[in-house]
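Containing PDB, C-alpha atoms, pLDDT in the B column: query.pdb.
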MODEL        1
ATOM      1  CA  MET Z   1       5.001  -0.024  -4.628  1.00 46.00           C
ATOM      2  CA  GLN Z   2       5.987  -1.124  -1.175  1.00 52.00           C
ATOM      3  CA  ASP Z   3       8.554  -3.771  -0.282  1.00 68.00           C
ATOM      4  CA  GLU Z   4       7.574  -6.104   2.546  1.00 76.00           C
ATOM      5  CA  PRO Z   5       5.033  -7.112   3.644  1.00 82.00           C
ATOM      6  CA  THR Z   6       3.014  -7.205   0.467  1.00 80.00           C
ATOM      7  CA  ALA Z   7      -0.752  -6.699   0.223  1.00 80.00           C
ATOM      8  CA  ALA Z   8      -0.992 -10.423  -0.533  1.00 83.00           C
ATOM      9  CA  GLU Z   9       0.560 -11.070   2.887  1.00 86.00           C
ATOM     10  CA  ILE Z  10      -1.241  -8.314   4.812  1.00 88.00           C
ATOM     11  CA  LEU Z  11      -4.819  -8.989   3.751  1.00 90.00           C
ATOM     12  CA  PRO Z  12      -4.944 -12.672   4.811  1.00 90.00           C
ATOM     13  CA  ALA Z  13      -3.344 -11.715   8.130  1.00 90.00           C
ATOM     14  CA  ILE Z  14      -6.076  -9.136   8.753  1.00 91.00           C
ATOM     15  CA  ALA Z  15      -8.789 -11.659   7.857  1.00 90.00           C
ATOM     16  CA  ARG Z  16      -7.203 -14.231  10.180  1.00 87.00           C
ATOM     17  CA  PHE Z  17      -7.013 -11.658  12.990  1.00 87.00           C
ATOM     18  CA  LEU Z  18     -10.659 -10.738  12.548  1.00 86.00           C
ATOM     19  CA  ARG Z  19     -11.767 -14.374  12.528  1.00 85.00           C
ATOM     20  CA  GLU Z  20      -9.530 -15.711  15.273  1.00 84.00           C
ATOM     21  CA  THR Z  21      -9.019 -12.797  17.658  1.00 80.00           C
ATOM     22  CA  VAL Z  22     -11.768 -10.222  17.285  1.00 77.00           C
ATOM     23  CA  THR Z  23     -14.498 -12.855  17.190  1.00 64.00           C
ATOM     24  CA  THR Z  24     -13.616 -14.401  20.544  1.00 68.00           C
ATOM     25  CA  ASP Z  25     -15.439 -13.233  23.664  1.00 65.00           C
ATOM     26  CA  GLN Z  26     -17.396 -10.499  21.901  1.00 76.00           C
ATOM     27  CA  SER Z  27     -21.075  -9.749  21.546  1.00 85.00           C
ATOM     28  CA  ALA Z  28     -22.924 -11.598  18.806  1.00 85.00           C
ATOM     29  CA  HIS Z  29     -23.190  -8.350  16.826  1.00 85.00           C
ATOM     30  CA  THR Z  30     -19.442  -7.658  17.044  1.00 83.00           C
ATOM     31  CA  MET Z  31     -18.660 -11.249  16.083  1.00 84.00           C
ATOM     32  CA  PHE Z  32     -20.962 -10.983  13.063  1.00 87.00           C
ATOM     33  CA  GLN Z  33     -19.419  -7.674  11.977  1.00 85.00           C
ATOM     34  CA  ALA Z  34     -15.913  -9.132  12.368  1.00 86.00           C
ATOM     35  CA  ARG Z  35     -16.857 -12.072  10.128  1.00 85.00           C
ATOM     36  CA  VAL Z  36     -18.309  -9.691   7.537  1.00 88.00           C
ATOM     37  CA  ALA Z  37     -15.104  -7.625   7.659  1.00 89.00           C
ATOM     38  CA  ALA Z  38     -12.938 -10.751   7.337  1.00 90.00           C
ATOM     39  CA  ASN Z  39     -14.937 -11.873   4.303  1.00 90.00           C
ATOM     40  CA  ALA Z  40     -14.555  -8.413   2.752  1.00 90.00           C
ATOM     41  CA  VAL Z  41     -10.795  -8.525   3.295  1.00 92.00           C
ATOM     42  CA  ASP Z  42     -10.647 -11.972   1.687  1.00 92.00           C
ATOM     43  CA  LEU Z  43     -12.631 -10.648  -1.289  1.00 91.00           C
ATOM     44  CA  ALA Z  44     -10.280  -7.661  -1.636  1.00 91.00           C
ATOM     45  CA  ALA Z  45      -7.279  -9.993  -1.591  1.00 91.00           C
ATOM     46  CA  ARG Z  46      -8.783 -12.207  -4.297  1.00 93.00           C
ATOM     47  CA  GLU Z  47      -9.655  -9.172  -6.400  1.00 91.00           C
ATOM     48  CA  ALA Z  48      -6.133  -7.773  -6.104  1.00 91.00           C
ATOM     49  CA  ALA Z  49      -4.675 -11.127  -7.138  1.00 93.00           C
ATOM     50  CA  LEU Z  50      -7.116 -12.077  -9.901  1.00 95.00           C
ATOM     51  CA  ALA Z  51      -8.612  -8.909 -11.388  1.00 93.00           C
ATOM     52  CA  PRO Z  52      -5.693  -7.834 -13.604  1.00 95.00           C
ATOM     53  CA  LYS Z  53      -5.717 -11.151 -15.488  1.00 97.00           C
ATOM     54  CA  PHE Z  54      -9.507 -11.430 -15.622  1.00 97.00           C
ATOM     55  CA  ASP Z  55      -9.907  -7.809 -16.741  1.00 96.00           C
ATOM     56  CA  ALA Z  56      -7.344  -8.247 -19.529  1.00 98.00           C
ATOM     57  CA  GLU Z  57      -9.084 -11.415 -20.732  1.00 98.00           C
ATOM     58  CA  GLU Z  58     -12.502  -9.737 -20.621  1.00 98.00           C
ATOM     59  CA  LYS Z  59     -11.232  -6.714 -22.518  1.00 98.00           C
ATOM     60  CA  ALA Z  60      -9.701  -8.910 -25.214  1.00 98.00           C
ATOM     61  CA  ARG Z  61     -12.969 -10.830 -25.625  1.00 98.00           C
ATOM     62  CA  LEU Z  62     -14.969  -7.601 -25.804  1.00 98.00           C
ATOM     63  CA  LYS Z  63     -12.641  -6.073 -28.395  1.00 98.00           C
ATOM     64  CA  ALA Z  64     -13.032  -9.162 -30.573  1.00 98.00           C
ATOM     65  CA  LEU Z  65     -16.781  -9.408 -30.045  1.00 97.00           C
ATOM     66  CA  LEU Z  66     -17.508  -5.727 -30.624  1.00 98.00           C
ATOM     67  CA  GLY Z  67     -14.800  -4.947 -33.162  1.00 97.00           C
ATOM     68  CA  ALA Z  68     -14.009  -1.877 -31.069  1.00 97.00           C
ATOM     69  CA  ASP Z  69     -11.363  -0.621 -28.679  1.00 97.00           C
ATOM     70  CA  GLY Z  70     -11.597   1.326 -25.451  1.00 97.00           C
ATOM     71  CA  ASP Z  71     -11.334   0.852 -21.736  1.00 96.00           C
ATOM     72  CA  LEU Z  72     -13.179  -2.000 -20.057  1.00 96.00           C
ATOM     73  CA  LEU Z  73     -16.008   0.189 -18.770  1.00 95.00           C
ATOM     74  CA  ALA Z  74     -16.657   1.724 -22.202  1.00 97.00           C
ATOM     75  CA  LEU Z  75     -16.577  -1.675 -23.881  1.00 98.00           C
ATOM     76  CA  ASN Z  76     -19.046  -3.080 -21.353  1.00 97.00           C
ATOM     77  CA  ARG Z  77     -21.358  -0.113 -21.928  1.00 97.00           C
ATOM     78  CA  LYS Z  78     -21.191  -0.743 -25.659  1.00 98.00           C
ATOM     79  CA  LEU Z  79     -21.947  -4.431 -25.092  1.00 98.00           C
ATOM     80  CA  ALA Z  80     -24.950  -3.612 -22.895  1.00 97.00           C
ATOM     81  CA  ASP Z  81     -26.236  -1.073 -25.423  1.00 98.00           C
ATOM     82  CA  GLN Z  82     -25.960  -3.574 -28.264  1.00 98.00           C
ATOM     83  CA  ILE Z  83     -27.699  -6.301 -26.272  1.00 98.00           C
ATOM     84  CA  ALA Z  84     -30.483  -3.880 -25.292  1.00 98.00           C
ATOM     85  CA  ALA Z  85     -30.876  -2.794 -28.922  1.00 98.00           C
ATOM     86  CA  GLY Z  86     -31.020  -6.401 -30.099  1.00 97.00           C
ATOM     87  CA  THR Z  87     -27.889  -5.973 -32.206  1.00 97.00           C
ATOM     88  CA  LEU Z  88     -26.215  -8.732 -30.200  1.00 97.00           C
ATOM     89  CA  THR Z  89     -28.205 -11.795 -29.161  1.00 97.00           C
ATOM     90  CA  LEU Z  90     -27.387 -15.197 -27.709  1.00 96.00           C
ATOM     91  CA  ASP Z  91     -27.127 -16.365 -31.317  1.00 97.00           C
ATOM     92  CA  THR Z  92     -24.204 -13.969 -31.864  1.00 97.00           C
ATOM     93  CA  PRO Z  93     -21.004 -16.021 -32.135  1.00 96.00           C
ATOM     94  CA  ASP Z  94     -18.897 -15.883 -28.971  1.00 97.00           C
ATOM     95  CA  LEU Z  95     -21.419 -13.849 -26.925  1.00 98.00           C
ATOM     96  CA  LYS Z  96     -22.550 -16.764 -24.750  1.00 97.00           C
ATOM     97  CA  GLU Z  97     -18.967 -17.823 -24.117  1.00 96.00           C
ATOM     98  CA  HIS Z  98     -18.005 -14.250 -23.222  1.00 98.00           C
ATOM     99  CA  LEU Z  99     -20.893 -13.912 -20.775  1.00 97.00           C
ATOM    100  CA  TRP Z 100     -20.083 -17.291 -19.233  1.00 96.00           C
ATOM    101  CA  ALA Z 101     -16.358 -16.543 -18.877  1.00 97.00           C
ATOM    102  CA  THR Z 102     -17.063 -13.106 -17.390  1.00 97.00           C
ATOM    103  CA  SER Z 103     -19.545 -14.536 -14.899  1.00 96.00           C
ATOM    104  CA  MET Z 104     -17.133 -17.283 -13.868  1.00 96.00           C
ATOM    105  CA  ALA Z 105     -14.332 -14.753 -13.373  1.00 96.00           C
ATOM    106  CA  LYS Z 106     -16.578 -12.629 -11.154  1.00 94.00           C
ATOM    107  CA  LEU Z 107     -17.540 -15.678  -9.098  1.00 95.00           C
ATOM    108  CA  ALA Z 108     -13.872 -16.656  -8.729  1.00 95.00           C
ATOM    109  CA  VAL Z 109     -13.353 -13.322  -6.972  1.00 93.00           C
ATOM    110  CA  ASP Z 110     -16.648 -12.973  -5.139  1.00 92.00           C
ATOM    111  CA  GLN Z 111     -17.697 -16.520  -4.180  1.00 92.00           C
ATOM    112  CA  PRO Z 112     -15.033 -19.130  -5.057  1.00 94.00           C
ATOM    113  CA  ALA Z 113     -16.479 -21.600  -2.533  1.00 94.00           C
ATOM    114  CA  TYR Z 114     -19.998 -21.370  -4.037  1.00 93.00           C
ATOM    115  CA  ALA Z 115     -21.006 -24.968  -4.787  1.00 95.00           C
ATOM    116  CA  SER Z 116     -22.459 -24.263  -8.239  1.00 93.00           C
ATOM    117  CA  TYR Z 117     -19.325 -22.335  -9.227  1.00 94.00           C
ATOM    118  CA  ARG Z 118     -17.090 -25.197  -8.104  1.00 95.00           C
ATOM    119  CA  ARG Z 119     -19.173 -27.743 -10.022  1.00 95.00           C
ATOM    120  CA  ALA Z 120     -18.995 -25.606 -13.159  1.00 93.00           C
ATOM    121  CA  VAL Z 121     -15.224 -25.244 -12.861  1.00 93.00           C
ATOM    122  CA  LYS Z 122     -14.880 -28.983 -12.386  1.00 94.00           C
ATOM    123  CA  ARG Z 123     -17.095 -29.698 -15.422  1.00 92.00           C
ATOM    124  CA  ARG Z 124     -14.934 -27.431 -17.556  1.00 86.00           C
ATOM    125  CA  GLY Z 125     -11.770 -29.114 -16.313  1.00 80.00           C
ATOM    126  CA  GLY Z 126     -10.497 -26.157 -14.274  1.00 65.00           C
TER     127      GLY Z 126
ENDMDL
END
Rewrite the structure from the file as structure tokens, please.
Amino acid sequence: MQDEPTAAEILPAIARFLRETVTTDQSAHTMFQARVAANAVDLAAREAALAPKFDAEEKARLKALLGADGDLLALNRKLADQIAAGTLTLDTPDLKEHLWATSMAKLAVDQPAYASYRRAVKRRGG
């Protein structure tokens, strides 16, 4: 682990630089690429900040739902296999809620400004 500056400080600074400096007086293609890069940096910052909590919550839900242990990837494979086999369906207790919570967590990282995501968070009181 490094001291200062932290990744949480560095990543927004890079995104700001790309948006405010690189995008001025450049070709349209360079400006577009800089915006794409800035968005990717923002996504990486959100993932670094949010993923540990979201992953732990997802793993706990999967362990309870599947009655199994393992790493997150293995548990998700088991979930997919059981859904494909028809062992788990939307009538399975807690499956819908797990899928909803997992989808919302992914949107919080990937597209937190997405209007439908924001409405859903507001409806749920978040």
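For the pair atom CA of Z:Thr6 and atom CA of Z:Ala49, the separation is 11.5 Å.
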Surrounding residues of stretch 122-126 of chain Z excluding itself and chain neighbours under 5 positions, 12 Å, only C-alpha atoms, as a list in words: Trp100, Ala101, Met104, Ala108, Ala115, Ser116 and Tyr117 of chain Z
Residues matched by the PyMOL selection byres ((chain Z and resi 87-96) around 12) as a list in words: Glu58, Arg61, Leu62, Lys63, Ala64, Leu65, Leu66, Lys78, Leu79, Ala80, Asp81, Gln82, Ile83, Ala84, Ala85, Gly86, Glu97, His98, Leu99, Trp100, Ala101, Thr102 and Ser103 of chain Z
Resolved residues for the PyMOL selection byres ((chain Z and resi 42) around 12) as an MDAnalysis selection string: chainID Z and resid 7:19 35:41 43:49 108:112
Selection: 8 Å around Z:Lys59, all atoms listed in the file, excl. self and same-chain fewer than 5 positions, as a ChimeraX atom specification: /Z:71-72,75
Please enclose the listed atoms of stretch 6-11 of chain Z in an axis-aligned box, pad each side by 3 Å, and write out the centre and the three edge lengths in Å, rounded to one decimal, as JSON.
{"center_x": -0.9, "center_y": -8.9, "center_z": 2.1, "size_x": 13.8, "size_y": 10.4, "size_z": 11.3}
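Taking atom CA of Z:Val22 as the reference point, atom CA of Z:Ala34 is found at 6.5 Å.
Atom CA of Z:Leu50 sits 16.6 Å away from atom CA of Z:Arg118.
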Can you take the partial stretch 55-85 of chain Z, add N, CA and C atoms, and return it as an mmCIF file, in the coordinates of the input?
data_model
loop_
_atom_site.group_PDB
_atom_site.id
_atom_site.type_symbol
_atom_site.label_atom_id
_atom_site.label_comp_id
_atom_site.auth_asym_id
_atom_site.auth_seq_id
_atom_site.Cartn_x
_atom_site.Cartn_y
_atom_site.Cartn_z
ATOM 1 N N ASP Z 55 -9.547 -9.027 -16.006
ATOM 2 C CA ASP Z 55 -9.907 -7.809 -16.741
ATOM 3 C C ASP Z 55 -9.275 -7.799 -18.136
ATOM 4 N N ALA Z 56 -8.019 -8.213 -18.232
ATOM 5 C CA ALA Z 56 -7.344 -8.247 -19.529
ATOM 6 C C ALA Z 56 -8.020 -9.252 -20.459
ATOM 7 N N GLU Z 57 -8.404 -10.403 -19.922
ATOM 8 C CA GLU Z 57 -9.084 -11.415 -20.732
ATOM 9 C C GLU Z 57 -10.459 -10.911 -21.188
ATOM 10 N N GLU Z 58 -11.178 -10.279 -20.269
ATOM 11 C CA GLU Z 58 -12.502 -9.737 -20.621
ATOM 12 C C GLU Z 58 -12.377 -8.668 -21.697
ATOM 13 N N LYS Z 59 -11.423 -7.782 -21.538
ATOM 14 C CA LYS Z 59 -11.232 -6.714 -22.518
ATOM 15 C C LYS Z 59 -10.899 -7.289 -23.896
ATOM 16 N N ALA Z 60 -10.055 -8.295 -23.935
ATOM 17 C CA ALA Z 60 -9.701 -8.910 -25.214
ATOM 18 C C ALA Z 60 -10.930 -9.548 -25.869
ATOM 19 N N ARG Z 61 -11.746 -10.234 -25.070
ATOM 20 C CA ARG Z 61 -12.969 -10.830 -25.625
ATOM 21 C C ARG Z 61 -13.913 -9.764 -26.154
ATOM 22 N N LEU Z 62 -14.073 -8.682 -25.381
ATOM 23 C CA LEU Z 62 -14.969 -7.601 -25.804
ATOM 24 C C LEU Z 62 -14.478 -6.933 -27.081
ATOM 25 N N LYS Z 63 -13.189 -6.688 -27.180
ATOM 26 C CA LYS Z 63 -12.641 -6.073 -28.395
ATOM 27 C C LYS Z 63 -12.935 -6.939 -29.609
ATOM 28 N N ALA Z 64 -12.766 -8.251 -29.460
ATOM 29 C CA ALA Z 64 -13.032 -9.162 -30.573
ATOM 30 C C ALA Z 64 -14.524 -9.228 -30.884
ATOM 31 N N LEU Z 65 -15.329 -9.289 -29.873
ATOM 32 C CA LEU Z 65 -16.781 -9.408 -30.045
ATOM 33 C C LEU Z 65 -17.387 -8.156 -30.665
ATOM 34 N N LEU Z 66 -16.928 -7.001 -30.195
ATOM 35 C CA LEU Z 66 -17.508 -5.727 -30.624
ATOM 36 C C LEU Z 66 -16.790 -5.103 -31.816
ATOM 37 N N GLY Z 67 -15.592 -5.572 -32.101
ATOM 38 C CA GLY Z 67 -14.800 -4.947 -33.162
ATOM 39 C C GLY Z 67 -14.475 -3.505 -32.830
ATOM 40 N N ALA Z 68 -14.272 -3.241 -31.534
ATOM 41 C CA ALA Z 68 -14.009 -1.877 -31.069
ATOM 42 C C ALA Z 68 -12.929 -1.917 -30.004
ATOM 43 N N ASP Z 69 -12.374 -0.745 -29.725
ATOM 44 C CA ASP Z 69 -11.363 -0.621 -28.679
ATOM 45 C C ASP Z 69 -11.860 0.386 -27.653
ATOM 46 N N GLY Z 70 -11.243 0.395 -26.512
ATOM 47 C CA GLY Z 70 -11.597 1.326 -25.451
ATOM 48 C C GLY Z 70 -11.267 0.707 -24.118
ATOM 49 N N ASP Z 71 -11.574 1.431 -23.052
ATOM 50 C CA ASP Z 71 -11.334 0.852 -21.736
ATOM 51 C C ASP Z 71 -12.450 -0.143 -21.424
ATOM 52 N N LEU Z 72 -12.250 -0.925 -20.388
ATOM 53 C CA LEU Z 72 -13.179 -2.000 -20.057
ATOM 54 C C LEU Z 72 -14.591 -1.482 -19.782
ATOM 55 N N LEU Z 73 -14.696 -0.377 -19.073
ATOM 56 C CA LEU Z 73 -16.008 0.189 -18.770
ATOM 57 C C LEU Z 73 -16.735 0.606 -20.046
ATOM 58 N N ALA Z 74 -16.038 1.278 -20.944
ATOM 59 C CA ALA Z 74 -16.657 1.724 -22.202
ATOM 60 C C ALA Z 74 -17.075 0.533 -23.060
ATOM 61 N N LEU Z 75 -16.233 -0.488 -23.102
ATOM 62 C CA LEU Z 75 -16.577 -1.675 -23.881
ATOM 63 C C LEU Z 75 -17.795 -2.387 -23.298
ATOM 64 N N ASN Z 76 -17.877 -2.454 -21.984
ATOM 65 C CA ASN Z 76 -19.046 -3.080 -21.353
ATOM 66 C C ASN Z 76 -20.312 -2.270 -21.595
ATOM 67 N N ARG Z 77 -20.193 -0.956 -21.600
ATOM 68 C CA ARG Z 77 -21.358 -0.113 -21.928
ATOM 69 C C ARG Z 77 -21.823 -0.376 -23.350
ATOM 70 N N LYS Z 78 -20.863 -0.476 -24.255
ATOM 71 C CA LYS Z 78 -21.191 -0.743 -25.659
ATOM 72 C C LYS Z 78 -21.863 -2.111 -25.794
ATOM 73 N N LEU Z 79 -21.347 -3.098 -25.076
ATOM 74 C CA LEU Z 79 -21.947 -4.431 -25.092
ATOM 75 C C LEU Z 79 -23.385 -4.375 -24.590
ATOM 76 N N ALA Z 80 -23.599 -3.717 -23.463
ATOM 77 C CA ALA Z 80 -24.950 -3.612 -22.895
ATOM 78 C C ALA Z 80 -25.887 -2.888 -23.854
ATOM 79 N N ASP Z 81 -25.409 -1.821 -24.466
ATOM 80 C CA ASP Z 81 -26.236 -1.073 -25.423
ATOM 81 C C ASP Z 81 -26.625 -1.952 -26.613
ATOM 82 N N GLN Z 82 -25.670 -2.728 -27.105
ATOM 83 C CA GLN Z 82 -25.960 -3.574 -28.264
ATOM 84 C C GLN Z 82 -26.889 -4.730 -27.904
ATOM 85 N N ILE Z 83 -26.766 -5.255 -26.714
ATOM 86 C CA ILE Z 83 -27.699 -6.301 -26.272
ATOM 87 C C ILE Z 83 -29.092 -5.704 -26.114
ATOM 88 N N ALA Z 84 -29.183 -4.536 -25.493
ATOM 89 C CA ALA Z 84 -30.483 -3.880 -25.292
ATOM 90 C C ALA Z 84 -31.144 -3.541 -26.633
ATOM 91 N N ALA Z 85 -30.344 -3.159 -27.608
ATOM 92 C CA ALA Z 85 -30.876 -2.794 -28.922
ATOM 93 C C ALA Z 85 -31.205 -4.017 -29.777
#
